[in-house]
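Colleague: Here you go, one structure.
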Amino acid sequence: MVNESVKLFLRPSSTIQVQVHRQSRFHLGRKGETYLLGEISKRLVDLASITEQGYTYPLTVTGESSGSIRITLSVEQTISSLAELGLASAAADLDRADHALDRLNKPSNTSGLLQSVSAAVGDAQSVDAAVQQVTRATGTEILGSALQFLDVLVQVVDGFADVRVEILLLRVLTRWYLQVHPIFRLSWTLLSTVYKTLKAQAVEDEAMRDLAIDLRDMLGYARRCTNVKKIDGTTDILVEVGRLVSDGAIIIDERMRHGFIGRTVTSMYRDTQKRIQDCRDRLSKLQGKFSVSLQIGIHDTINQIGDKVDLADIRSLPVVSSAAYDGRNLCMEGTRREIIDEVMTWASSPSDKEPSIFWLHAMAGEGKTSIATSVAHALHDKKILGGSFFFSRDYAECTRVDNVFVTLVSQLVDHMPEFTPFVAHVLQGQRSEIISSAHNQFHLLMKKVFTYVAKEPVVFVLDALDECISGRDHRELLLSCLTAREGLPSSCRFFLTSRPEDDIGSQLETLDNTVLHSESLRSFTGTTIDADIQMFLQTSLQRVAAHSRKIRNLKQANWPGPERQQMMLKQTSGLFIWAATAIRFLEDTYVADPEKQLQIILNGSSSYQLSMGSRTPSDYLDQLYIKVLDHAYPGCMTSNDHDILGAIVLMQEPLSAISIAQLLHISVQDENSDAAYYNVVYEAIWRLQSVLTAPTHIENAATPIHVLHPSFPDFMTVEERCSEKYYINKSEHHVKLARGCLQVMQDFLQFNICRIKDILKVNAEIEYLDLSIQTYIPECLKYACIFWAEHVVKASASEYEQLKSQIKDFLQNHLLNWLEVLSLLKSLQSGFLSLQVIADWAQPKNNDDFKQLLTEAMRFLTTFWQPMEASALHVHISLAQYIPTKSVLAKYLHGFKCHGIHVTTGLAQFWPQYHAVLTGHTSVVKTVVYSPDGAYIASGSWDNTIRIWDARTGALVGEPLQGHTYSIEIVAFSPNGAYIASGSSDSTMRIWDAKTGAPVGQPLKHDSSVHVVVFSPDGAYIASGSRDKTIRIWKVETRELVGQAFEGHKDGVCAVTFSLDGAYILSGSRDNTIRLWEAQTGVLVSEPLEGHAWLAFSPNGAYVVSGAYDKTAKIWDVKTGIAVGEPLEGHTGPIQTVAFSPDGMYIASGSWDKTIRLWDARTGASVGEPFQGHTNLVNTVAFSPDGIYIASGSSDDTVRIWEAKTRSPVAKPFEGHTSSVSSVTFSHDGAYIAFGSRDNLIRVWEVKTGAPVGKPLEGHQDEVCAVAFSPDGAYIASGSHDKTIRIWNAKTGVSVGKPFEGHIDAVNTVAFSPDGVYIASGSRDSTVRVWEAQTGALVHEPLQGHTHWVNVVVFSPDGAHIATGSWDFTIRIWDTKTGAQVSKPLEYGPFSIETLVYSSDGVYIASWSSFDQNIKIWDVKTCRMLFKCTQLSILKGVNSLVQAASEYKCWNKNAELSGCWFRDIQDGWVMGPNSQRVCWIPLDSLSGPFEICGFCMVCFPSQGMPIILDVSECFHVS
């Protein structure tokens, strides 16, 4: 075989011809003859199946004697397709055509001729004149002129033809033709014919040029489209394009080979124009076909891509894959037909009158799950299964409703692909909102999807609702969604199974029979059930017998026989679980042979004997379980066996054998061997295959072990039902599990457990986080972190002290690491619940801070919930640094290693008054209210939304309620918590389902903004008050207006409340009146009470408290309308909101002064200090139902939760001065405080008690401007407007010596030197004087240099220097002993200096002025200002300045390395240059300005100390 390779340039029309010859073997020595065996001849265009890899064409030839010979022709292409081959060939043809056309582009020599013609002919008027002249001439003249003119015209025509310029002489020639001599007319006819011929050729040339351009464009476009050749039909079109271009190019090439005259002559006998037009027609058709083909192809391709994108988007939904039915628990063929047929008839009925919910309920063990599985399987076969969700206590994710509906919708797309685009469409743009809650998944996803499709039945199966977690957030929410049918077609149906539990039945049975079909499994006849069980037993026993005959040589032909089969049927007592367990016991070949096992079931004795009286189905089941256990543990259970079985029964979710052993800390020889842990568990349970699912080989060691049916744990943990030796004492085993969990956490938890490299990323930004979690957080640790508290609180009470000690150790060593893991696992909620249940479990004891530790751990979690949820590692890097220094939690965590920021100054000593700050609203929070059970808070905002919050954690519950088109002014819960009413500036009131967030009915309208809504005590009515000056009453059930609007107020209604019995309505208005109305009639009961507007009833209905713009609150007697006691005074701004505590003992008020105050309702006295923290006016306050907390909403866009415990002031007010206090100072030990006053007196008090120390210090003759304690606290120096300084004995108050005299104007400031030897004073006389403290003698001449009042003097820490600040805007530094200035003045700016402080090492000075509210840091040696912070009016007093100055060295360290580490602050996150989260700062700290210096950040909150953060460690954490 000879391989020949030939490269040829071929056109599609080329023919490939291959001949095969054979040379004769004879005629040696001379050239042998050849014989043709066969040949192949194919046009390339006919090889239509040519592919990108080439084309193989078989050839069969027949030889003379050799029979058939198989020869293969292979064509290897250098061009990827036949279409491209054709286009390449066409391009070559077109290139030749272009070359021919280039002749038309050569420069012409006719420009001179054109100029001559132009000159000869001139414009139209000149031609007309020439015509007239010729007309008047004689015949000879005419002929001569005609010939001459003809010659000119011929030249003109030739010239014009050559350059293809249109000749515009038609008007001239026409006039000639009509007027001149006949001889001339003959000449003109000849001339006209020539002209027309030349003109036609010029047009044809232009047409060929245009054709070439169009062909070139089409060819280029076709070449660009070769990458879409897979679109059906496009390849054929591309081949046609190639042919067309080649044909057109050939025409052009053939014609343009000749000159102009040659082309003119040949055109007379060739119809070139027709050929060009044919090409153009073909081109036009191809363009249309090409466009349509591409549009269709592109559309199809886009659809295919879109479908894949849609499917990928749906596939990424957070589904619970383990919840779908898997077909392994089907009813045996032929059993349960009656119930399954009934369900299938309902499910497949096309009638829209079928109930949309079928609820099958039965007791445990009756086979509900098998029926549900079989129904799902049958629905799938009929192609009407939408999806299934099988709840199971075996898996935590299968007990929750978080992702039930997205799981169902995801399965819906798998089962019915036609739903894909509609699901994708609904998800588009609101994906995160939809998946945030089960409520949104149902209402925003499932309901909307079914508005597009599903005229035919689509059925969803939900099994074992009783195994879904009970409560508002789970089972109750699920049922409320399923019963909210509005908007769902009847073709969308749900098949539900559960035990007949009260909460499920009560909620489902509220539906009428047009929506719900309820069926008890017991309603089917006992005969049917027994027949089904008998069939199950018969079929299963036959399978067991067949298997046993192969393995154990079972001899009996009809084993086990009808009699024993009947005995088994009797013992089932209608419970399928008995039959299923018995069969599994017989099939368990790891135990014994089936015959012996059957004898044990029917005849064998056990440690459990049935009573001779009435026997219940559970009695037979209990006896069967005992026989299984007796056979599994023929002797007695070892402690390990008991612990392992107890763990499997009591665990909150199944774990693998390895994790169980690790959790129980079972000792093994090789602790690093998974096989060792597996074997010890396997040995304990390998004979329990009939009641447990357990792996039978080490390869399956990671498979979770779980109980096959919940009736087994029920049996094992009830002492009356279970044998003593097997009985699992819950409290004892929970102790073991609790200890195991705590020990596992102690062993495994560590900082950055997942080895995250870029620690500054939040969880959502970390690549492969799920893989890291799987790798570094073992299964037993996940379980321990989430469920440890569940076992602790169920443990034996006798173990309290030991468990408490272990918990304290765990919190002290690993609280932060635990929270890190919970953040990674998205389980912070379980962390809070763990702490809460442990706090409730903790026994309060004297001198025991355990309960306080737990409370503060919860406080830490709720205070920093949002950043903790976003970033696990910032628990260490940022959040732990803000734990107050004097908190119990700080005491326990004092030894933890700092992994991030350092709060060097300004860290709070105690937890803030508020319990949590709830952020999320984007505008003013106008209203907050607690739900009746205190579990939730609803807030309404000017951002047009209502948000529901978890009152314990501050976490947002679900998505905001949206529907109002303007700001929310008020929200209220109904008394039963089922509804929320809201009023808005859009002039409407809306009612919402509190569980689902769905609007109930249409909006109820006022004529203006609705500022107040309130439910009647029985929840039947809602009263609304509006800016339209009216109150309206609405019936909740029908949402209809009751009667007429209550009219009478002269301005907008801003407060409405019902009396306790619902008989009266009290309203407050901006007209500053309060009116009392009969609720039913709207009749005024009494005259209006004038002066106040905002109000609230006391819980007993006897009193009303009102707030007003006059900054006071009043308490009124409802019956008499008379104010009780004096107004409540204390606020410095208008009171916007008031509320009674649930017990009526206290009143809370919120004001424009940004504070909340608490008042004793009986006496009107203010209780404790105001609640401070809001940075804008307080709009609303509300007590929690238990009175423990107060929630407030503010114009600072936040909701805050405060502990409402009564607080007493630290000391009673320091009273006694009769005029304003002008100066104040503390003693150095902080025990005393001295005040100087404009009443010329000085008073001293004990700080702790507030008791005065002695009598006022009298002696000055004018206002006391300055006071200072000596370093030892023994003396007080004072300066006065009387121009003197006096020294006083601090204890006795006696003046020491004579006044220091010398200043000629008021003394503004005095200061002791650090050793107490000297006193410095500054005066309005612009001088500073230094005195000997004991004698009053001047140390040297007055220090002169300031040009205005001296406001402040301060000694350096070593006493060597004095710094002074003045109204002349300078700071000067003097030598204490000599009085000389030691440096040039420090120029502060155009403002006076009022405060100066040295840093502790004397290197820096901090200055402050109230005029520009700036704090500036100065280097004493260089006199250079190093740092300035703006807007520091919040920095009051010397202490803040001292700390600011003393910490400056920290601010400036590594400044040269810092670069531009800071970029922005977003939601509390300090963002670095690459958008990494450097650290998180509490939002309160950001309520004021902030400054950056080096690696430090200084934040100035609205209240309290400035906070200085050193972030340098954040860039070096490992």
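A note on labels: chains of the structure tokens are A, B, ... as shown, every chain counts residues from 1, and ligands are counted from 1 in their shown order.
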Per DSSP on the backbone, what are the strand (DSSP E or B) residues of stretch 541-775 of chain A, as a PyMOL selection string?

Modeller: chain A and resi 655-656+692-693+704-707

Colleague: Which is closest to A:Asn679 among A:Ala657, A:Cys331, A:Ala955, A:Ala694, if we use only C-alpha atoms?

Modeller: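 Using only C-alpha atoms, A:Asn679 sits closest to A:Ala657.
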
Colleague: Identify, on the basis of only C-alpha atoms, every residue whose closest approach to A:Leu1158 does not exceed 9 Å; exclude the query and any residue fewer than 3 positions from it along the same chain; express the result as a PyMOL selection string.

Modeller: chain A and resi 1146-1149+1165-1171+1204+1206

Colleague: Which residues come within 12 Å of A:Asp950, counting only C-alpha atoms, excluding same-chain residues fewer than 4 positions away, as number ranges by chain?

Modeller: A: 472-473, 829, 832-833, 862, 865, 916-918, 930-931, 933-939, 954-958, 1201

Colleague: For A:Leu482, work out the shell of residues within 12 Å, counting only C-alpha atoms and skipping chain neighbours fewer than 3 positions away, then give it as a ChimeraX atom specification.

Modeller: /A:356-359,401,404-405,438-439,441-443,446-447,460,462,465,475-479,485-488,492-496,504,507-508,510-511,515-516,996

Colleague: Could you list, as a list in words, every residue within 7 Å of stretch 648-656 of chain A, counting only C-alpha atoms and ignoring same-chain residues fewer than 2 positions away?

Modeller: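 Close residues of stretch 648-656 of chain A: Arg393, Asp394, Tyr395, Ala396, Ile644, Leu645, Gly646, Ile658, Ser659, Ile660, Ala701, Ala702, Thr703, Pro704, Ile705, His706 and Pro713 of chain A.
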
Colleague: Which of stretch 672-921 of chain A counts as alpha helix (DSSP H) under DSSP, as JSON, numbers by chain please?

Modeller: {"A": [674, 675, 676, 677, 678, 679, 680, 681, 682, 683, 684, 685, 711, 712, 713, 714, 715, 716, 730, 731, 732, 733, 734, 735, 736, 737, 738, 739, 740, 741, 742, 743, 744, 745, 746, 747, 748, 769, 770, 771, 772, 773, 774, 775, 776, 779, 780, 781, 782, 783, 784, 785, 786, 787, 788, 789, 790, 791, 792, 793, 800, 801, 802, 803, 804, 805, 806, 807, 808, 809, 810, 811, 812, 813, 814, 815, 816, 817, 818, 819, 820, 821, 822, 823, 824, 828, 829, 830, 831, 832, 833, 834, 835, 836, 837, 838, 839, 840, 841, 850, 851, 852, 853, 854, 855, 856, 857, 858, 859, 860, 861, 862, 863, 865, 866, 867, 868, 869, 870, 874, 875, 876, 877, 888, 889, 890, 891, 892]}

Colleague: I'd like the interatomic distance between atom CA of A:Val1104 and atom CA of A:Ser1009, to a tenth of an Å.

Modeller: 24.6 Å

Colleague: Smallest atom-to-atom distance to A:Ser823: which of A:Ala1274, A:Ile434, A:Val1199, A:Ala872, using only C-alpha atoms?

Modeller: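 Distance minimum relative to A:Ser823 lands on A:Ala872.
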